[in-house]
Protein chains: 2
Amino acid sequence: MRRNPPLPTDAELRLLRVLWERGPSTVREVQDHLPQSDAAGYTTVLKLLQIMHAKGLAVRDESSRTHVYAAAVPPENTQKRLVADLVERAFGGAAHRLVLQALSPELASPEELARIRALIAALPDSSAGEAGGEG
Amino acid sequence: MRRNPPLPTDAELRLLRVLWERGPSTVREVQDHLPQSDAAGYTTVLKLLQIMHAKGLAVRDESSRTHVYAAAVPPENTQKRLVADLVERAFGGAAHRLVLQALSPELASPEELARIRALIAALPDSSAGEAGGEG
DNA sequence: CGTTGTTTACGAAGCCCTTCGTATTGACAG
DNA sequence: CTGTCAATACGAAGGGCTTCGTAAACAACG
């Protein structure tokens with residue numbers, strides 16, 4: 001167990017997304033609900049879940065013969081750390097530059113832009129003051 | 001050569017950031033300007049630059065004995081693709097969810113939030129929202 | 001010409017991720 | 001008990017990334 005599990009790898013993240021959506025699931029259930037583009041053999045999924053269990057990314061209930069796995073990390077926390085990691089590696093820590101790229105039309109549809117506007121508008125403390133810009 | 005070079009790996013991105021900041025540089029210059037946390041041996045940097053050259057991530061001028069390398073990809077384009085990749089892998093394509101995580105206080109300082117507000121405010125007006133694309 | 005120092009080129013080792021094959025265990029029907 | 005089916009555990013192969021050691025090419029100097 002780890003208090004601070006490491007960032008999930010690529011394949012781990014794929015399984016994590018299934019667990020986040022479905023909640024606790026057996027190996028077979030996870031395998032069956034993988035998007036077709038991420039299809040993998042049964043033992044591959046099993047092995048991955050075992051690794052995730054060892055890393056602290058997943059917990060499992062062994063009370064029945066068929067183990068039931070669940071995500072040990074909440075999606076928001078993990079996603080936030082993934083974003084922080086990219087901000088650091090690609091933007092030297094400047095989060096606003098990442099947002100700038102995310103706003104480009106190829107990435108954000110008009111609908112998503114509208115949602116983003118709503119997010120900004122809903123932020124607490126809209127007028128900080130010292131930075132000078134008025135809201 | 002590739003018209004569409006692949007995404008840079010972790011170590012490649014580190015060198016790319018030096019090239020983006022400094023412009024065309026020799027192997028030694030790149031090595032000398034790596035942040036201390038990313039220090040690497042001379043031949044490591046050389047090998048990496050050769051690989052980046054083969055992948056189309058860097059170009060080089062061989063007119064003098066000491067080759068001069070330069071980034072073959074602009075920062076914005078590369079950063080955008082890195083962001084798109086993460087949006088796909090971690091958020092199922094929902095860019096606004098990535099932005100939401102980027103807005104969290106751990107990632108964006110108040111000053112950066114102000115900049116982000118400014119970015120949003122400067123966007124072309126899409127007040128029509130979902131149905132309202134004008135043509 | 002030989003020496004010295006710098007640069008490029010090549011190859012290989014070590015590590016991690018991903019995938020799967022095989023063996024073992026357990027439950028259950030006949 | 002015995003055979004069958006599903007699930008777990010284990011190990012290993014294959015590939016990519018990262019790092020570096022070593023050799024070869026080249027220039028400059030005495």
# chains A, B, ... in the order shown; residues from 1 in each chain; ligands from 1
>>> calpha_fit_and_write(fixed="chain B", moving="chain A", output="CSV table (one decimal) with N, CA and C atoms, in the first residue's frame")
chain,number,residue,atom,x,y,z
A,1,MET,N,14.0,11.4,-42.3
A,1,MET,CA,13.1,12.5,-42.2
A,1,MET,C,11.7,12.0,-42.1
A,2,ARG,N,10.8,12.7,-41.4
A,2,ARG,CA,9.4,12.4,-41.4
A,2,ARG,C,8.7,13.6,-41.5
A,3,ARG,N,7.6,13.5,-42.3
A,3,ARG,CA,6.7,14.7,-42.4
A,3,ARG,C,6.0,14.9,-41.1
A,4,ASN,N,5.7,13.8,-40.4
A,4,ASN,CA,5.0,13.9,-39.2
A,4,ASN,C,5.8,13.2,-38.1
A,5,PRO,N,6.7,13.9,-37.5
A,5,PRO,CA,7.6,13.3,-36.5
A,5,PRO,C,6.7,12.8,-35.3
A,6,PRO,N,7.2,11.8,-34.6
A,6,PRO,CA,6.4,11.2,-33.5
A,6,PRO,C,6.5,12.2,-32.3
A,7,LEU,N,5.6,12.0,-31.3
A,7,LEU,CA,5.7,12.8,-30.1
A,7,LEU,C,7.0,12.6,-29.4
A,8,PRO,N,7.6,13.7,-28.9
A,8,PRO,CA,8.9,13.5,-28.2
A,8,PRO,C,8.7,12.7,-26.9
A,9,THR,N,9.7,11.9,-26.5
A,9,THR,CA,9.7,11.3,-25.2
A,9,THR,C,10.0,12.3,-24.2
A,10,ASP,N,10.1,11.8,-23.0
A,10,ASP,CA,10.3,12.7,-21.8
A,10,ASP,C,11.7,13.4,-22.0
A,11,ALA,N,12.7,12.6,-22.2
A,11,ALA,CA,14.0,13.2,-22.2
A,11,ALA,C,14.2,14.1,-23.5
A,12,GLU,N,13.5,13.7,-24.5
A,12,GLU,CA,13.6,14.5,-25.8
A,12,GLU,C,12.9,15.8,-25.6
A,13,LEU,N,11.8,15.8,-24.9
A,13,LEU,CA,11.1,17.1,-24.6
A,13,LEU,C,12.0,18.0,-23.8
A,14,ARG,N,12.8,17.5,-22.9
A,14,ARG,CA,13.6,18.4,-22.1
A,14,ARG,C,14.6,19.1,-23.0
A,15,LEU,N,15.2,18.3,-23.9
A,15,LEU,CA,16.2,19.0,-24.9
A,15,LEU,C,15.5,19.9,-25.8
A,16,LEU,N,14.3,19.5,-26.2
A,16,LEU,CA,13.5,20.4,-27.1
A,16,LEU,C,13.3,21.7,-26.5
A,17,ARG,N,13.0,21.7,-25.2
A,17,ARG,CA,12.7,23.0,-24.6
A,17,ARG,C,13.9,23.9,-24.6
A,18,VAL,N,15.1,23.3,-24.5
A,18,VAL,CA,16.3,24.1,-24.6
A,18,VAL,C,16.4,24.7,-26.0
A,19,LEU,N,16.2,23.9,-26.9
A,19,LEU,CA,16.4,24.3,-28.3
A,19,LEU,C,15.3,25.4,-28.7
A,20,TRP,N,14.1,25.2,-28.2
A,20,TRP,CA,13.1,26.2,-28.4
A,20,TRP,C,13.5,27.6,-27.8
A,21,GLU,N,14.1,27.5,-26.7
A,21,GLU,CA,14.4,28.8,-26.0
A,21,GLU,C,15.7,29.4,-26.6
A,22,ARG,N,16.7,28.6,-26.9
A,22,ARG,CA,17.9,29.1,-27.3
A,22,ARG,C,18.1,29.2,-28.8
A,23,GLY,N,17.3,28.5,-29.6
A,23,GLY,CA,17.5,28.4,-31.0
A,23,GLY,C,18.7,27.5,-31.3
A,24,PRO,N,19.2,27.4,-32.5
A,24,PRO,CA,20.3,26.4,-32.9
A,24,PRO,C,21.4,26.4,-31.9
A,25,SER,N,21.8,25.2,-31.5
A,25,SER,CA,22.8,25.1,-30.4
A,25,SER,C,23.6,23.9,-30.6
A,26,THR,N,24.9,23.9,-30.1
A,26,THR,CA,25.7,22.7,-30.2
A,26,THR,C,25.3,21.8,-29.0
A,27,VAL,N,25.9,20.6,-29.1
A,27,VAL,CA,25.6,19.6,-28.0
A,27,VAL,C,26.0,20.2,-26.7
A,28,ARG,N,27.2,20.8,-26.6
A,28,ARG,CA,27.6,21.4,-25.4
A,28,ARG,C,26.8,22.5,-24.8
A,29,GLU,N,26.3,23.3,-25.7
A,29,GLU,CA,25.4,24.4,-25.3
A,29,GLU,C,24.1,23.9,-24.8
A,30,VAL,N,23.6,22.9,-25.4
A,30,VAL,CA,22.4,22.3,-24.9
A,30,VAL,C,22.6,21.7,-23.5
A,31,GLN,N,23.7,21.0,-23.4
A,31,GLN,CA,24.0,20.4,-22.1
A,31,GLN,C,24.1,21.5,-21.0
A,32,ASP,N,24.8,22.5,-21.4
A,32,ASP,CA,25.1,23.6,-20.4
A,32,ASP,C,23.8,24.3,-20.0
A,33,HIS,N,22.8,24.3,-20.8
A,33,HIS,CA,21.6,25.1,-20.5
A,33,HIS,C,20.5,24.2,-20.0
A,34,LEU,N,20.8,23.0,-19.8
A,34,LEU,CA,19.7,22.1,-19.2
A,34,LEU,C,19.5,22.6,-17.7
A,35,PRO,N,18.3,22.7,-17.3
A,35,PRO,CA,18.1,23.0,-15.8
A,35,PRO,C,18.8,21.9,-15.0
A,36,GLN,N,19.2,22.4,-13.8
A,36,GLN,CA,20.0,21.5,-13.0
A,36,GLN,C,19.3,20.2,-12.7
A,37,SER,N,18.0,20.3,-12.6
A,37,SER,CA,17.3,19.0,-12.3
A,37,SER,C,17.3,18.0,-13.4
A,38,ASP,N,17.7,18.5,-14.6
A,38,ASP,CA,17.7,17.6,-15.8
A,38,ASP,C,19.1,17.3,-16.2
A,39,ALA,N,20.1,17.6,-15.4
A,39,ALA,CA,21.5,17.4,-15.8
A,39,ALA,C,21.8,16.0,-16.4
A,40,ALA,N,22.6,16.0,-17.4
A,40,ALA,CA,22.9,14.7,-18.1
A,40,ALA,C,24.3,14.8,-18.6
A,41,GLY,N,25.0,13.6,-18.8
A,41,GLY,CA,26.3,13.5,-19.3
A,41,GLY,C,26.3,14.0,-20.8
A,42,TYR,N,27.5,14.4,-21.2
A,42,TYR,CA,27.7,15.0,-22.6
A,42,TYR,C,27.2,14.0,-23.6
A,43,THR,N,27.7,12.7,-23.5
A,43,THR,CA,27.3,11.7,-24.6
A,43,THR,C,25.9,11.4,-24.5
A,44,THR,N,25.3,11.5,-23.3
A,44,THR,CA,23.8,11.3,-23.2
A,44,THR,C,23.1,12.3,-24.1
A,45,VAL,N,23.5,13.6,-23.9
A,45,VAL,CA,22.8,14.6,-24.7
A,45,VAL,C,23.1,14.4,-26.2
A,46,LEU,N,24.3,14.1,-26.5
A,46,LEU,CA,24.6,13.8,-27.9
A,46,LEU,C,23.8,12.7,-28.5
A,47,LYS,N,23.7,11.6,-27.8
A,47,LYS,CA,23.0,10.5,-28.3
A,47,LYS,C,21.5,10.8,-28.5
A,48,LEU,N,21.0,11.5,-27.5
A,48,LEU,CA,19.6,12.0,-27.6
A,48,LEU,C,19.3,12.8,-28.8
A,49,LEU,N,20.2,13.8,-29.0
A,49,LEU,CA,20.1,14.7,-30.2
A,49,LEU,C,20.2,13.9,-31.5
A,50,GLN,N,21.1,12.9,-31.5
A,50,GLN,CA,21.1,12.0,-32.7
A,50,GLN,C,19.8,11.3,-33.0
A,51,ILE,N,19.3,10.8,-31.9
A,51,ILE,CA,18.0,10.1,-32.0
A,51,ILE,C,16.9,11.0,-32.5
A,52,MET,N,16.9,12.2,-31.9
A,52,MET,CA,15.9,13.2,-32.3
A,52,MET,C,16.1,13.6,-33.8
A,53,HIS,N,17.3,13.6,-34.2
A,53,HIS,CA,17.6,13.9,-35.6
A,53,HIS,C,17.0,12.8,-36.5
A,54,ALA,N,17.3,11.5,-36.1
A,54,ALA,CA,16.8,10.4,-36.9
A,54,ALA,C,15.3,10.4,-36.9
A,55,LYS,N,14.6,10.8,-35.8
A,55,LYS,CA,13.2,10.8,-35.8
A,55,LYS,C,12.5,12.0,-36.5
A,56,GLY,N,13.3,12.9,-36.8
A,56,GLY,CA,12.8,14.1,-37.4
A,56,GLY,C,12.4,15.2,-36.5
A,57,LEU,N,12.8,15.0,-35.2
A,57,LEU,CA,12.4,16.0,-34.2
A,57,LEU,C,13.4,17.2,-34.2
A,58,ALA,N,14.6,16.9,-34.7
A,58,ALA,CA,15.6,18.0,-34.8
A,58,ALA,C,16.3,17.9,-36.1
A,59,VAL,N,16.8,19.1,-36.5
A,59,VAL,CA,17.6,19.1,-37.7
A,59,VAL,C,19.0,19.5,-37.3
A,60,ARG,N,20.1,19.2,-38.1
A,60,ARG,CA,21.4,19.6,-37.7
A,60,ARG,C,22.2,20.2,-38.9
A,61,ASP,N,23.0,21.1,-38.6
A,61,ASP,CA,23.9,21.7,-39.5
A,61,ASP,C,25.3,21.1,-39.3
A,62,GLU,N,25.8,20.3,-40.3
A,62,GLU,CA,27.0,19.6,-40.2
A,62,GLU,C,28.2,20.3,-40.9
A,63,SER,N,27.9,21.6,-41.3
A,63,SER,CA,28.9,22.2,-42.1
A,63,SER,C,30.2,22.5,-41.4
A,64,SER,N,30.1,22.6,-40.1
A,64,SER,CA,31.4,22.7,-39.3
A,64,SER,C,31.5,21.4,-38.5
A,65,ARG,N,32.7,21.2,-38.1
A,65,ARG,CA,33.0,19.9,-37.4
A,65,ARG,C,32.0,19.8,-36.2
A,66,THR,N,31.8,20.9,-35.5
A,66,THR,CA,30.9,20.8,-34.3
A,66,THR,C,29.5,21.0,-34.9
A,67,HIS,N,28.7,20.0,-34.8
A,67,HIS,CA,27.3,20.1,-35.4
A,67,HIS,C,26.5,21.0,-34.6
A,68,VAL,N,25.5,21.6,-35.3
A,68,VAL,CA,24.6,22.6,-34.6
A,68,VAL,C,23.2,22.0,-34.8
A,69,TYR,N,22.5,21.8,-33.7
A,69,TYR,CA,21.2,21.2,-33.7
A,69,TYR,C,20.1,22.3,-33.5
A,70,ALA,N,19.0,22.1,-34.2
A,70,ALA,CA,17.9,23.0,-34.0
A,70,ALA,C,16.6,22.1,-33.9
A,71,ALA,N,15.6,22.7,-33.3
A,71,ALA,CA,14.3,22.0,-33.2
A,71,ALA,C,13.7,21.9,-34.6
A,72,ALA,N,13.2,20.8,-35.0
A,72,ALA,CA,12.5,20.6,-36.3
A,72,ALA,C,11.0,20.8,-36.2
A,73,VAL,N,10.6,20.9,-35.0
A,73,VAL,CA,9.1,21.1,-34.8
A,73,VAL,C,8.9,22.3,-33.9
A,74,PRO,N,7.9,23.1,-34.3
A,74,PRO,CA,7.6,24.3,-33.5
A,74,PRO,C,7.0,24.0,-32.2
A,75,PRO,N,7.2,24.8,-31.2
A,75,PRO,CA,6.7,24.4,-29.8
A,75,PRO,C,5.2,24.3,-29.8
A,76,GLU,N,4.5,25.2,-30.4
A,76,GLU,CA,3.0,25.2,-30.3
A,76,GLU,C,2.4,23.9,-30.9
A,77,ASN,N,2.9,23.5,-32.1
A,77,ASN,CA,2.4,22.3,-32.7
A,77,ASN,C,2.7,21.1,-31.8
A,78,THR,N,3.9,21.0,-31.3
A,78,THR,CA,4.2,19.9,-30.4
A,78,THR,C,3.4,19.9,-29.2
A,79,GLN,N,3.3,21.0,-28.5
A,79,GLN,CA,2.6,21.1,-27.3
A,79,GLN,C,1.1,20.8,-27.5
A,80,LYS,N,0.6,21.2,-28.7
A,80,LYS,CA,-0.8,20.9,-29.0
A,80,LYS,C,-1.0,19.4,-29.1
A,81,ARG,N,-0.1,18.8,-29.7
A,81,ARG,CA,-0.3,17.3,-29.9
A,81,ARG,C,-0.1,16.6,-28.6
A,82,LEU,N,0.8,17.1,-27.7
A,82,LEU,CA,0.9,16.5,-26.4
A,82,LEU,C,-0.4,16.6,-25.6
A,83,VAL,N,-1.0,17.8,-25.7
A,83,VAL,CA,-2.3,18.0,-25.0
A,83,VAL,C,-3.4,17.1,-25.6
A,84,ALA,N,-3.4,17.1,-27.0
A,84,ALA,CA,-4.4,16.2,-27.6
A,84,ALA,C,-4.2,14.8,-27.2
A,85,ASP,N,-3.0,14.3,-27.1
A,85,ASP,CA,-2.7,13.0,-26.6
A,85,ASP,C,-3.3,12.7,-25.2
A,86,LEU,N,-3.1,13.7,-24.3
A,86,LEU,CA,-3.6,13.5,-23.0
A,86,LEU,C,-5.1,13.6,-22.9
A,87,VAL,N,-5.6,14.5,-23.7
A,87,VAL,CA,-7.1,14.6,-23.8
A,87,VAL,C,-7.7,13.3,-24.2
A,88,GLU,N,-7.1,12.6,-25.1
A,88,GLU,CA,-7.6,11.4,-25.6
A,88,GLU,C,-7.4,10.3,-24.6
A,89,ARG,N,-6.3,10.2,-24.0
A,89,ARG,CA,-6.0,9.1,-23.1
A,89,ARG,C,-6.7,9.2,-21.7
A,90,ALA,N,-6.8,10.4,-21.2
A,90,ALA,CA,-7.3,10.6,-19.9
A,90,ALA,C,-8.7,11.1,-19.9
A,91,PHE,N,-9.2,11.8,-20.9
A,91,PHE,CA,-10.5,12.4,-20.9
A,91,PHE,C,-11.4,11.9,-22.0
A,92,GLY,N,-11.0,10.9,-22.7
A,92,GLY,CA,-11.8,10.4,-23.8
A,92,GLY,C,-12.2,11.4,-24.9
A,93,GLY,N,-11.3,12.4,-25.0
A,93,GLY,CA,-11.5,13.3,-26.1
A,93,GLY,C,-12.2,14.6,-25.7
A,94,ALA,N,-12.6,14.6,-24.4
A,94,ALA,CA,-13.4,15.8,-24.0
A,94,ALA,C,-12.4,16.9,-23.5
A,95,ALA,N,-12.1,17.8,-24.3
A,95,ALA,CA,-11.1,18.8,-24.0
A,95,ALA,C,-11.5,19.7,-22.9
A,96,HIS,N,-12.8,19.9,-22.8
A,96,HIS,CA,-13.2,20.9,-21.7
A,96,HIS,C,-13.0,20.3,-20.3
A,97,ARG,N,-13.0,19.0,-20.3
A,97,ARG,CA,-12.7,18.4,-18.9
A,97,ARG,C,-11.2,18.6,-18.5
A,98,LEU,N,-10.4,18.6,-19.5
A,98,LEU,CA,-9.0,18.9,-19.2
A,98,LEU,C,-8.8,20.3,-18.8
A,99,VAL,N,-9.5,21.2,-19.4
A,99,VAL,CA,-9.4,22.6,-19.0
A,99,VAL,C,-10.0,22.8,-17.6
A,100,LEU,N,-11.0,22.0,-17.3
A,100,LEU,CA,-11.6,22.1,-16.0
A,100,LEU,C,-10.6,21.8,-14.9
A,101,GLN,N,-9.8,20.7,-15.2
A,101,GLN,CA,-8.8,20.3,-14.2
A,101,GLN,C,-7.6,21.4,-14.2
A,102,ALA,N,-7.4,21.9,-15.3
A,102,ALA,CA,-6.3,22.9,-15.4
A,102,ALA,C,-6.6,24.2,-14.6
A,103,LEU,N,-7.9,24.4,-14.4
A,103,LEU,CA,-8.4,25.6,-13.7
A,103,LEU,C,-8.3,25.5,-12.2
A,104,SER,N,-8.0,24.3,-11.7
A,104,SER,CA,-8.0,24.1,-10.3
A,104,SER,C,-6.9,24.9,-9.6
A,105,PRO,N,-7.1,25.4,-8.4
A,105,PRO,CA,-6.2,26.3,-7.8
A,105,PRO,C,-4.8,25.8,-7.7
A,106,GLU,N,-4.6,24.5,-7.5
A,106,GLU,CA,-3.3,23.9,-7.4
A,106,GLU,C,-2.5,24.1,-8.7
A,107,LEU,N,-3.2,24.2,-9.8
A,107,LEU,CA,-2.5,24.3,-11.1
A,107,LEU,C,-2.4,25.7,-11.6
A,108,ALA,N,-3.5,26.5,-11.4
A,108,ALA,CA,-3.5,27.8,-12.0
A,108,ALA,C,-3.6,28.8,-10.9
A,109,SER,N,-2.5,29.7,-10.8
A,109,SER,CA,-2.5,30.7,-9.8
A,109,SER,C,-3.6,31.8,-10.2
A,110,PRO,N,-3.9,32.7,-9.3
A,110,PRO,CA,-4.8,33.7,-9.7
A,110,PRO,C,-4.4,34.5,-10.9
A,111,GLU,N,-3.1,34.7,-11.0
A,111,GLU,CA,-2.6,35.4,-12.2
A,111,GLU,C,-2.9,34.7,-13.5
A,112,GLU,N,-2.6,33.4,-13.4
A,112,GLU,CA,-2.9,32.5,-14.6
A,112,GLU,C,-4.3,32.5,-14.9
A,113,LEU,N,-5.2,32.5,-13.9
A,113,LEU,CA,-6.6,32.5,-14.1
A,113,LEU,C,-7.0,33.7,-14.9
A,114,ALA,N,-6.4,34.8,-14.5
A,114,ALA,CA,-6.6,36.1,-15.2
A,114,ALA,C,-6.2,36.0,-16.7
A,115,ARG,N,-5.1,35.4,-16.9
A,115,ARG,CA,-4.6,35.2,-18.3
A,115,ARG,C,-5.6,34.4,-19.1
A,116,ILE,N,-6.0,33.3,-18.4
A,116,ILE,CA,-7.0,32.4,-19.1
A,116,ILE,C,-8.3,33.1,-19.4
A,117,ARG,N,-8.7,33.9,-18.5
A,117,ARG,CA,-9.9,34.7,-18.8
A,117,ARG,C,-9.7,35.6,-20.1
A,118,ALA,N,-8.5,36.2,-20.1
A,118,ALA,CA,-8.2,37.0,-21.2
A,118,ALA,C,-8.1,36.2,-22.5
A,119,LEU,N,-7.6,35.0,-22.4
A,119,LEU,CA,-7.6,34.2,-23.6
A,119,LEU,C,-9.0,33.9,-24.1
A,120,ILE,N,-9.8,33.6,-23.2
A,120,ILE,CA,-11.2,33.2,-23.6
A,120,ILE,C,-11.9,34.5,-24.2
A,121,ALA,N,-11.7,35.6,-23.6
A,121,ALA,CA,-12.3,36.8,-24.1
A,121,ALA,C,-11.8,37.2,-25.4
A,122,ALA,N,-10.6,36.8,-25.8
A,122,ALA,CA,-10.0,37.2,-27.0
A,122,ALA,C,-10.3,36.2,-28.1
A,123,LEU,N,-11.0,35.1,-27.8
A,123,LEU,CA,-11.3,34.2,-28.8
A,123,LEU,C,-12.3,34.8,-29.9
A,124,PRO,N,-12.1,34.4,-31.2
A,124,PRO,CA,-13.0,34.8,-32.2
A,124,PRO,C,-14.4,34.1,-32.0
A,125,ASP,N,-15.4,34.7,-32.6
A,125,ASP,CA,-16.7,34.1,-32.6
A,125,ASP,C,-17.2,33.8,-31.2
A,126,SER,N,-17.5,34.8,-30.4
A,126,SER,CA,-17.9,34.6,-29.0
A,126,SER,C,-19.3,34.1,-28.9
A,127,SER,N,-20.2,34.5,-29.8
A,127,SER,CA,-21.6,34.1,-29.7
A,127,SER,C,-22.0,33.2,-30.9
A,128,ALA,N,-21.8,31.9,-30.7
A,128,ALA,CA,-22.2,30.9,-31.7
A,128,ALA,C,-23.6,30.8,-32.0
A,129,GLY,N,-24.4,30.8,-30.9
A,129,GLY,CA,-25.8,30.8,-31.0
A,129,GLY,C,-26.4,29.4,-30.7
A,130,GLU,N,-26.2,28.4,-31.5
A,130,GLU,CA,-27.0,27.2,-31.4
A,130,GLU,C,-26.9,26.5,-30.1
A,131,ALA,N,-25.7,26.6,-29.5
A,131,ALA,CA,-25.5,25.9,-28.2
A,131,ALA,C,-26.3,26.6,-27.1
A,132,GLY,N,-26.8,27.7,-27.4
A,132,GLY,CA,-27.8,28.3,-26.5
A,132,GLY,C,-27.2,29.3,-25.5
A,133,GLY,N,-26.0,29.0,-25.0
A,133,GLY,CA,-25.5,29.9,-24.0
A,133,GLY,C,-25.3,31.3,-24.5
A,134,GLU,N,-25.7,32.3,-23.8
A,134,GLU,CA,-25.3,33.6,-24.3
A,134,GLU,C,-23.9,34.0,-23.8
A,135,GLY,N,-23.3,34.8,-24.5
A,135,GLY,CA,-21.9,35.1,-24.1
A,135,GLY,C,-21.7,35.8,-22.9
>>> residues_around(residues="D:DA23", least_positions_apart="6", cutoff="12 Å", atoms="only C-alpha atoms (C1' of nucleotides)", output="mmCIF file with N, CA and C atoms (P, O5', C5', C4', C3', O3' and C1' of nucleotides), in the first residue's frame")
data_model
loop_
_atom_site.group_PDB
_atom_site.id
_atom_site.type_symbol
_atom_site.label_atom_id
_atom_site.label_comp_id
_atom_site.auth_asym_id
_atom_site.auth_seq_id
_atom_site.Cartn_x
_atom_site.Cartn_y
_atom_site.Cartn_z
ATOM 1 P P DT C 8 29.216 16.950 -32.572
ATOM 2 O "O5'" DT C 8 29.332 15.591 -33.397
ATOM 3 C "C5'" DT C 8 29.904 15.585 -34.696
ATOM 4 C "C4'" DT C 8 30.157 14.151 -35.126
ATOM 5 C "C3'" DT C 8 28.914 13.260 -35.173
ATOM 6 O "O3'" DT C 8 28.801 12.658 -36.453
ATOM 7 C "C1'" DT C 8 30.631 12.216 -33.907
ATOM 8 P P DA C 9 27.500 11.822 -36.850
ATOM 9 O "O5'" DA C 9 27.910 10.336 -36.470
ATOM 10 C "C5'" DA C 9 29.082 9.773 -37.041
ATOM 11 C "C4'" DA C 9 29.278 8.351 -36.537
ATOM 12 C "C3'" DA C 9 28.002 7.512 -36.495
ATOM 13 O "O3'" DA C 9 28.245 6.291 -37.177
ATOM 14 C "C1'" DA C 9 29.128 7.419 -34.399
ATOM 15 P P DC C 10 27.045 5.335 -37.596
ATOM 16 O "O5'" DC C 10 27.172 4.145 -36.554
ATOM 17 C "C5'" DC C 10 28.474 3.593 -36.304
ATOM 18 C "C4'" DC C 10 28.458 2.797 -35.034
ATOM 19 C "C3'" DC C 10 27.213 1.931 -34.835
ATOM 20 O "O3'" DC C 10 27.591 0.582 -34.977
ATOM 21 C "C1'" DC C 10 27.912 3.007 -32.816
ATOM 22 P P DG C 11 26.456 -0.573 -34.982
ATOM 23 O "O5'" DG C 11 26.632 -1.159 -33.496
ATOM 24 C "C5'" DG C 11 27.929 -1.177 -32.909
ATOM 25 C "C4'" DG C 11 27.816 -1.534 -31.455
ATOM 26 C "C3'" DG C 11 26.651 -2.475 -31.136
ATOM 27 O "O3'" DG C 11 27.112 -3.485 -30.264
ATOM 28 C "C1'" DG C 11 26.513 -0.527 -29.796
#
>>> atom_distance(atom1="atom C1' of D:DC20", atom2="atom C1' of C:DC15")
13.9 Å
>>> interface_residues(of="chain C", to="chain A", cutoff="12 Å", atoms="only C-alpha atoms (C1' of nucleotides)", output="CSV table (one decimal) with N, CA and C atoms (P, O5', C5', C4', C3', O3' and C1' of nucleotides), in the first residue's frame")
chain,number,residue,atom,x,y,z
C,16,DC,P,12.8,-0.1,-12.9
C,16,DC,O5',11.6,0.1,-13.8
C,16,DC,C5',11.5,1.4,-14.4
C,16,DC,C4',10.5,1.3,-15.6
C,16,DC,C3',9.2,0.6,-15.2
C,16,DC,O3',8.1,1.5,-15.6
C,16,DC,C1',10.1,-0.3,-17.2
C,17,DC,P,6.6,1.2,-15.2
C,17,DC,O5',6.0,0.7,-16.6
C,17,DC,C5',6.2,1.6,-17.7
C,17,DC,C4',5.7,0.9,-18.9
C,17,DC,C3',4.3,0.3,-18.8
C,17,DC,O3',3.5,0.8,-19.9
C,17,DC,C1',5.7,-1.3,-19.6
C,18,DT,P,1.9,0.4,-19.8
C,18,DT,O5',1.8,-0.9,-20.7
C,18,DT,C5',2.3,-0.9,-22.0
C,18,DT,C4',2.3,-2.3,-22.6
C,18,DT,C3',1.0,-3.1,-22.4
C,18,DT,O3',0.4,-3.3,-23.7
C,18,DT,C1',2.9,-4.4,-22.0
C,19,DT,P,-1.1,-3.9,-23.7
C,19,DT,O5',-0.8,-5.4,-24.1
C,19,DT,C5',0.2,-5.8,-25.0
C,19,DT,C4',0.6,-7.2,-24.8
C,19,DT,C3',-0.6,-8.2,-24.5
C,19,DT,O3',-0.9,-8.9,-25.7
C,19,DT,C1',1.4,-8.7,-23.3
C,20,DC,P,-2.2,-9.8,-25.7
C,20,DC,O5',-1.6,-11.2,-25.3
C,20,DC,C5',-0.4,-11.7,-25.9
C,20,DC,C4',0.2,-12.8,-25.1
C,20,DC,C3',-0.7,-14.0,-24.9
C,20,DC,O3',-0.1,-15.1,-25.4
C,20,DC,C1',0.6,-13.3,-23.0
C,21,DG,P,-1.0,-16.4,-25.7
C,21,DG,O5',0.0,-17.6,-25.2
C,21,DG,C5',1.4,-17.4,-25.3
C,21,DG,C4',2.1,-18.4,-24.4
C,21,DG,C3',1.3,-19.7,-24.2
C,21,DG,O3',2.3,-20.8,-24.0
C,21,DG,C1',1.5,-18.6,-22.1
C,22,DT,P,1.8,-22.3,-23.9
C,22,DT,O5',1.9,-22.6,-22.4
C,22,DT,C5',3.1,-22.3,-21.7
C,22,DT,C4',3.0,-22.5,-20.2
C,22,DT,C3',2.2,-23.8,-19.8
C,22,DT,O3',3.0,-24.5,-18.9
C,22,DT,C1',1.4,-21.9,-18.6
C,25,DT,P,-1.4,-25.8,-6.2
C,25,DT,O5',-2.8,-25.1,-5.9
C,25,DT,C5',-2.8,-23.6,-5.8
C,25,DT,C4',-4.2,-23.1,-5.9
C,25,DT,C3',-5.2,-23.9,-5.1
C,25,DT,O3',-5.9,-23.1,-4.2
C,25,DT,C1',-6.0,-23.6,-7.3
C,26,DG,P,-6.8,-23.7,-3.0
C,26,DG,O5',-8.3,-23.6,-3.5
C,26,DG,C5',-8.7,-22.3,-3.9
C,26,DG,C4',-10.1,-22.5,-4.7
C,26,DG,C3',-11.1,-23.4,-3.9
C,26,DG,O3',-12.3,-22.6,-3.8
C,26,DG,C1',-10.9,-24.0,-6.2
C,27,DA,P,-13.4,-23.2,-2.9
C,27,DA,O5',-14.5,-23.5,-4.0
C,27,DA,C5',-14.9,-22.5,-4.8
C,27,DA,C4',-15.9,-23.0,-5.9
C,27,DA,C3',-17.0,-23.9,-5.4
C,27,DA,O3',-18.2,-23.5,-6.0
C,27,DA,C1',-15.8,-25.0,-7.1
>>> select_by_dssp(residues="stretch 7-121 of chain A", states="helix (DSSP H, G or I)", output="PyMOL selection string")
chain A and resi 10-22+27-32+36-38+42-55+75-91+95-102+110-121
>>> closest_residue(among="D:DG21, D:DA12, D:DG30, D:DA6", to="chain A", atoms="only C-alpha atoms (C1' of nucleotides)")
D:DA6
>>> interface_residues(of="chain D", to="chain B", cutoff="8 Å", atoms="only C-alpha atoms (C1' of nucleotides)", output="list in words")
DC17, DT18, DT19 and DC20 of chain D
>>> atom_distance(atom1="atom C1' of C:DG14", atom2="atom C1' of D:DG15")
13.8 Å
